[in-house]
$ cat my_file_32.txt   # compact mmCIF, C-alpha atoms
# COMPACT_ATOMS: atom_id res chain seq x y z
CA MET A 70 10.42 -23.01 -8.43
CA THR A 71 11.61 -19.44 -7.77
CA ARG A 72 10.04 -17.31 -5.03
CA PHE A 73 9.80 -13.53 -4.92
CA TYR A 74 8.46 -11.64 -1.91
CA SER A 75 7.41 -8.04 -1.24
CA ASN A 76 6.29 -6.26 1.93
CA GLY A 77 2.95 -4.55 2.35
CA LYS A 78 2.80 -0.85 3.21
CA LEU A 79 1.24 1.90 5.28
CA LEU A 80 1.80 5.63 4.82
CA LEU A 81 1.99 7.23 8.25
CA THR A 82 2.42 10.84 7.09
CA GLY A 83 1.99 12.68 3.82
CA GLU A 84 -1.08 11.08 2.27
CA TYR A 85 -2.02 12.92 -0.93
CA VAL A 86 0.74 15.56 -0.59
CA VAL A 87 3.41 12.88 -1.11
CA LEU A 88 2.41 13.22 -4.78
CA ASP A 89 3.57 16.83 -4.75
CA GLY A 90 6.91 16.39 -3.00
CA ALA A 91 6.06 16.22 0.71
CA LEU A 92 8.48 14.33 2.93
CA SER A 93 6.52 11.29 4.08
CA LEU A 94 7.02 8.52 6.61
CA ALA A 95 6.13 5.05 5.35
CA LEU A 96 6.09 1.72 7.16
CA PRO A 97 6.53 -1.74 5.62
CA THR A 98 4.31 -4.38 7.17
CA LYS A 99 4.82 -7.92 8.39
CA TYR A 100 2.19 -8.92 5.85
CA GLY A 101 3.03 -9.13 2.16
CA GLN A 102 2.79 -11.20 -1.01
CA SER A 103 4.85 -14.00 -2.51
CA LEU A 104 5.13 -14.93 -6.17
CA PHE A 105 6.15 -18.47 -7.11
CA VAL A 106 7.36 -19.03 -10.67
CA LYS A 107 8.13 -22.36 -12.35
CA PRO A 108 9.19 -22.67 -16.02
CA ILE A 109 7.28 -25.11 -18.25
CA GLU A 110 7.73 -26.17 -21.88
CA ALA A 111 4.32 -25.01 -23.10
CA HIS A 112 4.29 -21.40 -24.28
CA ARG A 113 1.60 -20.48 -21.77
CA ILE A 114 1.21 -18.87 -18.36
CA LEU A 115 -0.91 -20.86 -15.92
CA TRP A 116 -1.76 -18.34 -13.21
CA LYS A 117 -3.37 -18.76 -9.78
CA SER A 118 -3.81 -16.11 -7.09
CA LYS A 119 -4.44 -17.24 -3.52
CA ASP A 120 -5.67 -15.21 -0.57
CA GLU A 121 -4.43 -15.22 3.02
CA LYS A 122 -6.37 -18.42 3.72
CA GLY A 123 -4.95 -20.27 0.73
CA ARG A 124 -8.14 -20.00 -1.30
CA ILE A 125 -7.93 -19.36 -5.03
CA TRP A 126 -9.57 -15.98 -5.75
CA PHE A 127 -8.33 -15.62 -9.33
CA GLU A 128 -7.26 -18.10 -11.97
CA ASP A 129 -6.58 -17.84 -15.68
CA SER A 130 -4.31 -19.18 -18.38
CA PHE A 131 -2.60 -16.96 -20.91
CA THR A 132 -1.11 -17.70 -24.31
CA ILE A 133 2.14 -15.97 -25.16
CA SER A 134 2.78 -14.82 -28.71
CA GLU A 135 5.49 -12.56 -30.03
CA ASN A 136 3.36 -9.42 -29.85
CA ARG A 137 0.50 -10.24 -27.50
CA ILE A 138 -0.54 -12.01 -24.32
CA ASN A 139 -4.09 -13.36 -24.38
CA GLY A 140 -6.20 -14.65 -21.49
CA ASN A 141 -9.03 -17.17 -21.55
CA ASN A 142 -11.34 -15.11 -19.32
CA ARG A 143 -12.57 -12.49 -21.74
CA ASN A 144 -13.93 -9.29 -20.22
CA ASN A 145 -12.50 -10.21 -16.80
CA PRO A 146 -11.05 -6.94 -15.46
CA ILE A 147 -8.48 -8.77 -13.34
CA SER A 148 -7.25 -10.73 -16.36
CA GLU A 149 -7.11 -7.55 -18.43
CA ARG A 150 -5.14 -5.71 -15.74
CA LEU A 151 -2.70 -8.60 -15.40
CA ILE A 152 -2.24 -8.75 -19.16
CA GLN A 153 -1.50 -5.02 -19.14
CA ILE A 154 1.14 -5.46 -16.43
CA LEU A 155 2.80 -8.36 -18.24
CA GLN A 156 2.70 -6.53 -21.58
CA GLU A 157 4.28 -3.41 -20.10
CA THR A 158 6.88 -5.57 -18.39
CA ARG A 159 7.80 -6.99 -21.77
CA THR A 160 8.28 -3.50 -23.18
CA LEU A 161 10.82 -2.90 -20.41
CA ASN A 162 12.48 -6.28 -20.95
CA PRO A 163 11.75 -7.82 -24.38
CA LYS A 164 13.34 -11.10 -23.24
CA PHE A 165 10.69 -11.53 -20.53
CA LEU A 166 8.24 -14.41 -21.08
CA ASN A 167 10.24 -16.10 -23.82
CA SER A 168 9.03 -19.38 -22.33
CA GLY A 169 6.01 -20.64 -20.40
CA TYR A 170 5.44 -20.61 -16.65
CA ILE A 171 3.28 -21.83 -13.81
CA VAL A 172 2.75 -18.82 -11.54
CA GLU A 173 1.14 -18.59 -8.12
CA SER A 174 0.71 -15.43 -6.05
CA HIS A 175 0.10 -15.83 -2.30
CA LEU A 176 -1.16 -12.97 -0.14
CA THR A 177 -0.73 -13.04 3.63
CA PHE A 178 -3.29 -10.26 4.22
CA SER A 179 -6.86 -9.64 3.12
CA ARG A 180 -7.15 -8.07 -0.33
CA ASN A 181 -9.59 -5.57 1.17
CA TRP A 182 -7.14 -4.16 3.70
CA GLY A 183 -5.35 -1.77 1.37
CA LEU A 184 -1.88 -2.93 2.42
CA GLY A 185 -0.62 -3.15 -1.15
CA SER A 186 -2.01 -6.17 -3.02
CA SER A 187 -1.22 -4.33 -6.27
CA SER A 188 2.16 -2.86 -5.31
CA THR A 189 3.48 -6.14 -3.90
CA LEU A 190 2.42 -7.96 -7.07
CA LEU A 191 3.99 -5.29 -9.25
CA ASN A 192 7.28 -5.37 -7.34
CA ASN A 193 7.39 -9.17 -7.49
CA ILE A 194 6.79 -9.19 -11.25
CA ALA A 195 9.45 -6.51 -11.72
CA ASN A 196 11.94 -8.60 -9.74
CA TRP A 197 11.02 -11.68 -11.75
CA ALA A 198 11.52 -9.82 -15.04
CA GLN A 199 14.55 -7.85 -13.75
CA VAL A 200 13.03 -4.48 -14.64
CA ASN A 201 12.72 -1.22 -12.72
CA PRO A 202 9.55 -1.49 -10.59
CA TYR A 203 9.04 2.28 -10.55
CA GLN A 204 9.05 2.37 -14.35
CA LEU A 205 6.55 -0.46 -14.35
CA LEU A 206 4.41 1.42 -11.84
CA ASP A 207 4.42 4.53 -14.03
CA LYS A 208 3.24 2.46 -17.00
CA THR A 209 0.44 0.71 -15.08
CA PHE A 210 -1.06 1.95 -11.81
CA GLY A 211 0.68 5.29 -11.37
CA GLY A 212 0.96 6.97 -7.98
CA SER A 213 3.83 8.25 -5.87
CA GLY A 214 5.72 4.95 -5.61
CA TYR A 215 6.10 4.93 -1.82
CA ASP A 216 4.38 1.52 -1.80
CA ILE A 217 7.10 0.11 -4.07
CA ALA A 218 9.73 1.51 -1.70
CA CYS A 219 8.01 -0.25 1.23
CA ALA A 220 7.89 -3.48 -0.76
CA GLN A 221 11.68 -3.37 -0.99
CA ASN A 222 12.60 -2.20 2.52
CA ASP A 223 12.44 -3.95 5.88
CA THR A 224 12.51 -0.82 7.98
CA ALA A 225 10.63 2.47 8.17
CA ILE A 226 11.53 4.89 5.40
CA THR A 227 11.16 8.51 4.49
CA TYR A 228 9.98 8.97 0.94
CA GLN A 229 10.05 12.12 -1.15
CA LEU A 230 9.59 12.98 -4.81
CA GLN A 231 12.10 15.62 -5.88
CA ASN A 232 12.52 16.75 -9.49
CA LYS A 233 11.16 13.44 -10.78
CA ASN A 234 13.61 11.55 -8.54
CA ARG A 235 12.56 9.32 -5.66
CA ASP A 236 14.44 9.93 -2.44
CA VAL A 237 14.14 6.85 -0.21
CA ASN A 238 15.92 6.77 3.14
CA PRO A 239 15.69 4.08 5.85
CA VAL A 240 15.06 5.62 9.27
CA GLN A 241 14.92 4.41 12.85
CA PHE A 242 11.29 4.68 13.89
CA ASN A 243 10.60 2.68 17.02
CA PRO A 244 8.24 4.65 19.29
CA THR A 245 8.72 3.94 23.00
CA PHE A 246 4.93 4.15 23.30
CA LYS A 247 4.13 1.73 20.46
CA GLU A 248 2.16 -0.53 22.83
CA HIS A 249 -0.44 2.26 22.77
CA LEU A 250 -0.70 2.29 18.96
CA TYR A 251 -3.24 0.27 17.01
CA PHE A 252 -4.55 -0.04 13.47
CA VAL A 253 -8.29 -0.32 12.88
CA TYR A 254 -9.79 -1.37 9.56
CA LEU A 255 -12.81 0.71 8.53
CA ASN A 256 -14.52 -2.15 6.68
CA GLN A 257 -14.23 -0.68 3.21
CA LYS A 258 -11.38 -0.72 0.73
CA GLN A 259 -10.50 2.59 -0.87
CA ASN A 260 -9.33 2.90 -4.46
CA SER A 261 -6.09 4.89 -4.40
CA ARG A 262 -6.53 6.09 -7.98
CA ASP A 263 -9.96 7.49 -7.14
CA GLY A 264 -8.52 9.16 -4.04
CA ILE A 265 -5.76 10.78 -6.08
CA ALA A 266 -8.26 12.04 -8.66
CA ASN A 267 -10.42 13.55 -5.92
CA TYR A 268 -7.37 15.19 -4.35
CA ARG A 269 -6.39 16.77 -7.65
CA GLN A 270 -9.90 18.11 -8.05
CA ALA A 271 -10.47 19.38 -4.51
CA ALA A 272 -7.05 20.40 -3.23
CA LYS A 273 -6.37 24.04 -2.60
CA SER A 274 -2.92 25.62 -2.86
CA ASN A 275 -0.70 23.21 -0.96
CA SER A 276 2.80 24.74 -0.83
CA ASN A 277 2.44 25.74 2.82
CA ALA A 278 0.80 22.42 3.64
CA ILE A 279 3.77 20.53 2.20
CA LEU A 280 6.21 22.48 4.37
CA GLU A 281 4.06 21.79 7.43
CA ILE A 282 3.86 18.08 6.65
CA ASN A 283 7.64 17.96 6.14
CA THR A 284 8.08 19.35 9.65
CA ILE A 285 5.56 16.93 11.14
CA THR A 286 7.29 13.96 9.48
CA ASN A 287 10.68 14.94 10.89
CA GLN A 288 9.21 15.58 14.34
CA MET A 289 7.28 12.32 14.36
CA ILE A 290 10.42 10.28 13.72
CA VAL A 291 12.15 11.62 16.83
CA CYS A 292 9.25 12.36 19.20
CA GLU A 293 9.53 10.60 22.56
CA THR A 294 6.12 11.00 24.23
CA ILE A 295 2.65 9.89 23.27
CA SER A 296 1.25 13.34 24.04
CA GLU A 297 3.63 14.92 21.53
CA PHE A 298 2.83 12.16 19.02
CA ASN A 299 -0.92 12.74 19.41
CA LEU A 300 -0.50 16.45 18.84
CA LEU A 301 1.37 15.72 15.61
CA LEU A 302 -1.36 13.31 14.49
CA ASN A 303 -4.10 15.85 15.17
CA THR A 304 -2.24 18.66 13.42
CA HIS A 305 -1.59 16.45 10.39
CA GLU A 306 -5.28 15.53 10.20
CA GLU A 307 -6.38 19.16 10.28
CA ILE A 308 -3.93 20.14 7.53
CA ILE A 309 -5.08 17.42 5.14
CA SER A 310 -8.73 17.97 6.07
CA LYS A 311 -8.53 21.60 4.98
CA LEU A 312 -6.56 20.70 1.88
CA ILE A 313 -8.98 18.10 0.51
CA GLN A 314 -12.08 19.70 2.04
CA GLN A 315 -13.18 16.58 3.91
CA PRO A 316 -13.82 16.12 7.65
CA THR A 317 -11.29 14.18 9.69
CA VAL A 318 -12.13 10.57 10.49
CA LYS A 319 -12.56 11.51 14.16
CA ALA A 320 -15.04 14.27 13.36
CA ARG A 321 -16.90 12.03 10.91
CA LEU A 322 -17.12 8.76 12.84
CA PHE A 323 -15.52 8.82 16.27
CA SER A 324 -16.02 12.24 17.84
CA ASP A 325 -16.39 10.75 21.33
CA PHE A 326 -13.14 8.74 21.20
CA PRO A 327 -10.71 9.95 23.90
CA GLY A 328 -7.48 9.22 22.02
CA ALA A 329 -5.98 10.45 18.75
CA LEU A 330 -6.95 9.10 15.32
CA LYS A 331 -5.36 9.48 11.91
CA SER A 332 -6.45 8.38 8.46
CA LEU A 333 -3.91 6.38 6.45
CA GLY A 334 -3.89 6.48 2.67
CA ALA A 335 -6.99 7.56 0.76
CA TRP A 336 -9.44 9.03 3.27
CA GLY A 337 -12.69 7.21 3.93
CA GLY A 338 -11.58 3.59 4.20
CA ASP A 339 -8.75 1.15 4.77
CA PHE A 340 -6.90 1.46 8.08
CA ILE A 341 -6.70 4.29 10.57
CA LEU A 342 -4.01 4.73 13.20
CA VAL A 343 -5.29 4.81 16.78
CA SER A 344 -3.25 6.23 19.65
CA SER A 345 -4.77 5.39 23.01
CA THR A 346 -3.43 4.77 26.51
CA GLU A 347 -6.45 2.53 27.13
CA ASN A 348 -7.30 -0.58 25.14
CA PRO A 349 -9.53 0.73 22.30
CA GLU A 350 -10.88 -2.66 21.22
CA PRO A 351 -14.18 -2.50 23.16
CA TYR A 352 -14.91 0.99 21.76
CA PHE A 353 -14.37 0.06 18.12
CA LYS A 354 -15.96 -3.37 18.31
CA ALA A 355 -19.08 -1.79 19.81
CA LYS A 356 -19.25 0.37 16.70
CA GLY A 357 -18.89 -2.62 14.36
CA PHE A 358 -15.18 -2.48 13.58
CA GLN A 359 -13.75 -5.90 14.33
CA THR A 360 -10.28 -5.75 12.76
CA ILE A 361 -8.00 -4.13 15.36
CA ILE A 362 -4.29 -4.88 15.13
CA LYS A 363 -1.56 -3.86 17.55
CA TYR A 364 1.28 -1.82 16.08
CA GLN A 365 3.91 -4.46 16.83
CA ASP A 366 1.79 -7.15 15.18
CA LEU A 367 1.55 -5.29 11.88
CA ILE A 368 4.72 -3.24 11.39
CA LEU A 369 8.11 -4.73 10.61

$ encode --input "my_file_32.txt" --output "structure tokens"
Amino acid sequence: MTRFYSNGKLLLTGEYVVLDGALSLALPTKYGQSLFVKPIEAHRILWKSKDEKGRIWFEDSFTISENRINGNNRNNPISERLIQILQETRTLNPKFLNSGYIVESHLTFSRNWGLGSSSTLLNNIANWAQVNPYQLLDKTFGGSGYDIACAQNDTAITYQLQNKNRDVNPVQFNPTFKEHLYFVYLNQKQNSRDGIANYRQAAKSNSNAILEINTITNQMIVCETISEFNLLLNTHEEIISKLIQQPTVKARLFSDFPGALKSLGAWGGDFILVSSTENPEPYFKAKGFQTIIKYQDLIL
């Protein structure tokens, strides 16, 4: 049995504007997804997907023909999406799936967390099929591709789209104040594709915003104090807030919180970054947010 593994992801700077060429800081996580593949004689794919507790959350079998992959669970959107991914993978590598397989995917994080259940799966399948994961992304989910870059890297990266090229650079990002950084899950998963569509519809002219975010990204990588870091977080939030015409997460939900807060990814759900010199757990738990993870427990 062959195992493939990909890291989860968080985008620390550049949400939305990463699509338009902003220099962004992205962090791979200690959580990720494995894909186990075992060849079999039957010309079928027997697929199981397991969650972080080892429970099967999706299962299907697929028949493989020369021109088509068919699943048993008709009208199941997960089956249909998986068929699409496998079909597009075959267009990139026609020799892919010339035999049958038993396949199991294992997540180590909750599917609701927004850490990249789709991107880690996509990268694993691309590695299995020996195809370019960014090409596969373009043919399936779309998006900037920073999540694929995180899946492949074990350190913080800067990510930038330039003239249809992806510029990925590992960077040293190890804040001296990381014991004061936390990630809080907002109890609702956001759909990245919906967030992108809303950004395209609402965003004002963003050329100046991109330059400002570029500066913030570079400054965040080298900043040495939590006060400077908090200022960068707050400035970043205000820039994106004006751009997408939505209130910041602090203004919307946590106006009385004494530290700095920043949305991560599509605004309105998933994780936020919390910077606080005092333990923020009692504050957030009192408001009904139970998933609070220390920086060093989540980030590689």

$ residues_around --input "my_file_32.txt" --residues "A:Lys363" --least-positions-apart "4" --cutoff "10 Å" --atoms "all atoms listed in the file" --output "compact mmCIF listing (two decimals) with C-alpha atoms, in the frame of the given file"
# COMPACT_ATOMS: atom_id res chain seq x y z
CA LYS A 247 4.13 1.73 20.46
CA GLU A 248 2.16 -0.53 22.83
CA HIS A 249 -0.44 2.26 22.77
CA LEU A 250 -0.70 2.29 18.96
CA TYR A 251 -3.24 0.27 17.01
CA PHE A 252 -4.55 -0.04 13.47
CA VAL A 253 -8.29 -0.32 12.88
CA LEU A 342 -4.01 4.73 13.20
CA VAL A 343 -5.29 4.81 16.78
CA LEU A 367 1.55 -5.29 11.88
CA ILE A 368 4.72 -3.24 11.39

$ atom_distance --input "my_file_32.txt" --atom1 "atom CA of A:Glu157" --atom2 "atom CA of A:Lys208"
6.7 Å

$ closest_residue --input "my_file_32.txt" --among "A:Tyr85, A:Trp197, A:Tyr215, A:Tyr74" --to "A:Ser310" --atoms "all atoms listed in the file"
A:Tyr85

$ atom_distance --input "my_file_32.txt" --atom1 "atom CA of A:Asn162" --atom2 "atom CA of A:Leu190"
17.2 Å

$ closest_residue --input "my_file_32.txt" --among "A:Leu81, A:Leu155, A:Leu255, A:Val291" --to "A:Ser93" --atoms "all atoms listed in the file"
A:Leu81

$ closest_residue --input "my_file_32.txt" --among "A:Gly337, A:Pro244, A:Gly123, A:Gly183" --to "A:Thr98" --atoms "all atoms listed in the file"
A:Gly183

$ atom_distance --input "my_file_32.txt" --atom1 "atom CA of A:Ser213" --atom2 "atom CA of A:Asp366"
26.2 Å

$ closest_residue --input "my_file_32.txt" --among "A:Gly357, A:Asn238, A:Lys99, A:Val200" --to "A:Pro163" --atoms "only C-alpha atoms"
A:Val200

$ residues_around --input "my_file_32.txt" --residues "A:Asn222" --least-positions-apart "6" --cutoff "8 Å" --atoms "all atoms listed in the file" --output "list in words"
Asn76, Pro97 and Pro239 of chain A

$ closest_atom_pairs --input "my_file_32.txt" --of "stretch 86-140 of chain A" --to "stretch 280-284 of chain A" --cutoff "10 Å" --atoms "only C-alpha atoms" --output "Markdown table"
| residue | atom | partner | partner_atom | distance |
| --- | --- | --- | --- | --- |
| A:Val86 | CA | A:Ile282 | CA | 8.3 |
| A:Val87 | CA | A:Ile282 | CA | 9.4 |
| A:Gly90 | CA | A:Asn283 | CA | 9.3 |
| A:Ala91 | CA | A:Asn283 | CA | 5.9 |
| A:Leu92 | CA | A:Asn283 | CA | 4.9 |
| A:Ser93 | CA | A:Asn283 | CA | 7.1 |
| A:Leu94 | CA | A:Asn283 | CA | 9.5 |

$ closest_residue --input "my_file_32.txt" --among "A:Asn181, A:Gln199, A:Asn287, A:Ser148" --to "A:Asn256" --atoms "all atoms listed in the file"
A:Asn181

$ closest_residue --input "my_file_32.txt" --among "A:Phe298, A:Phe242, A:Phe323, A:Tyr364" --to "A:Thr227" --atoms "all atoms listed in the file"
A:Phe242
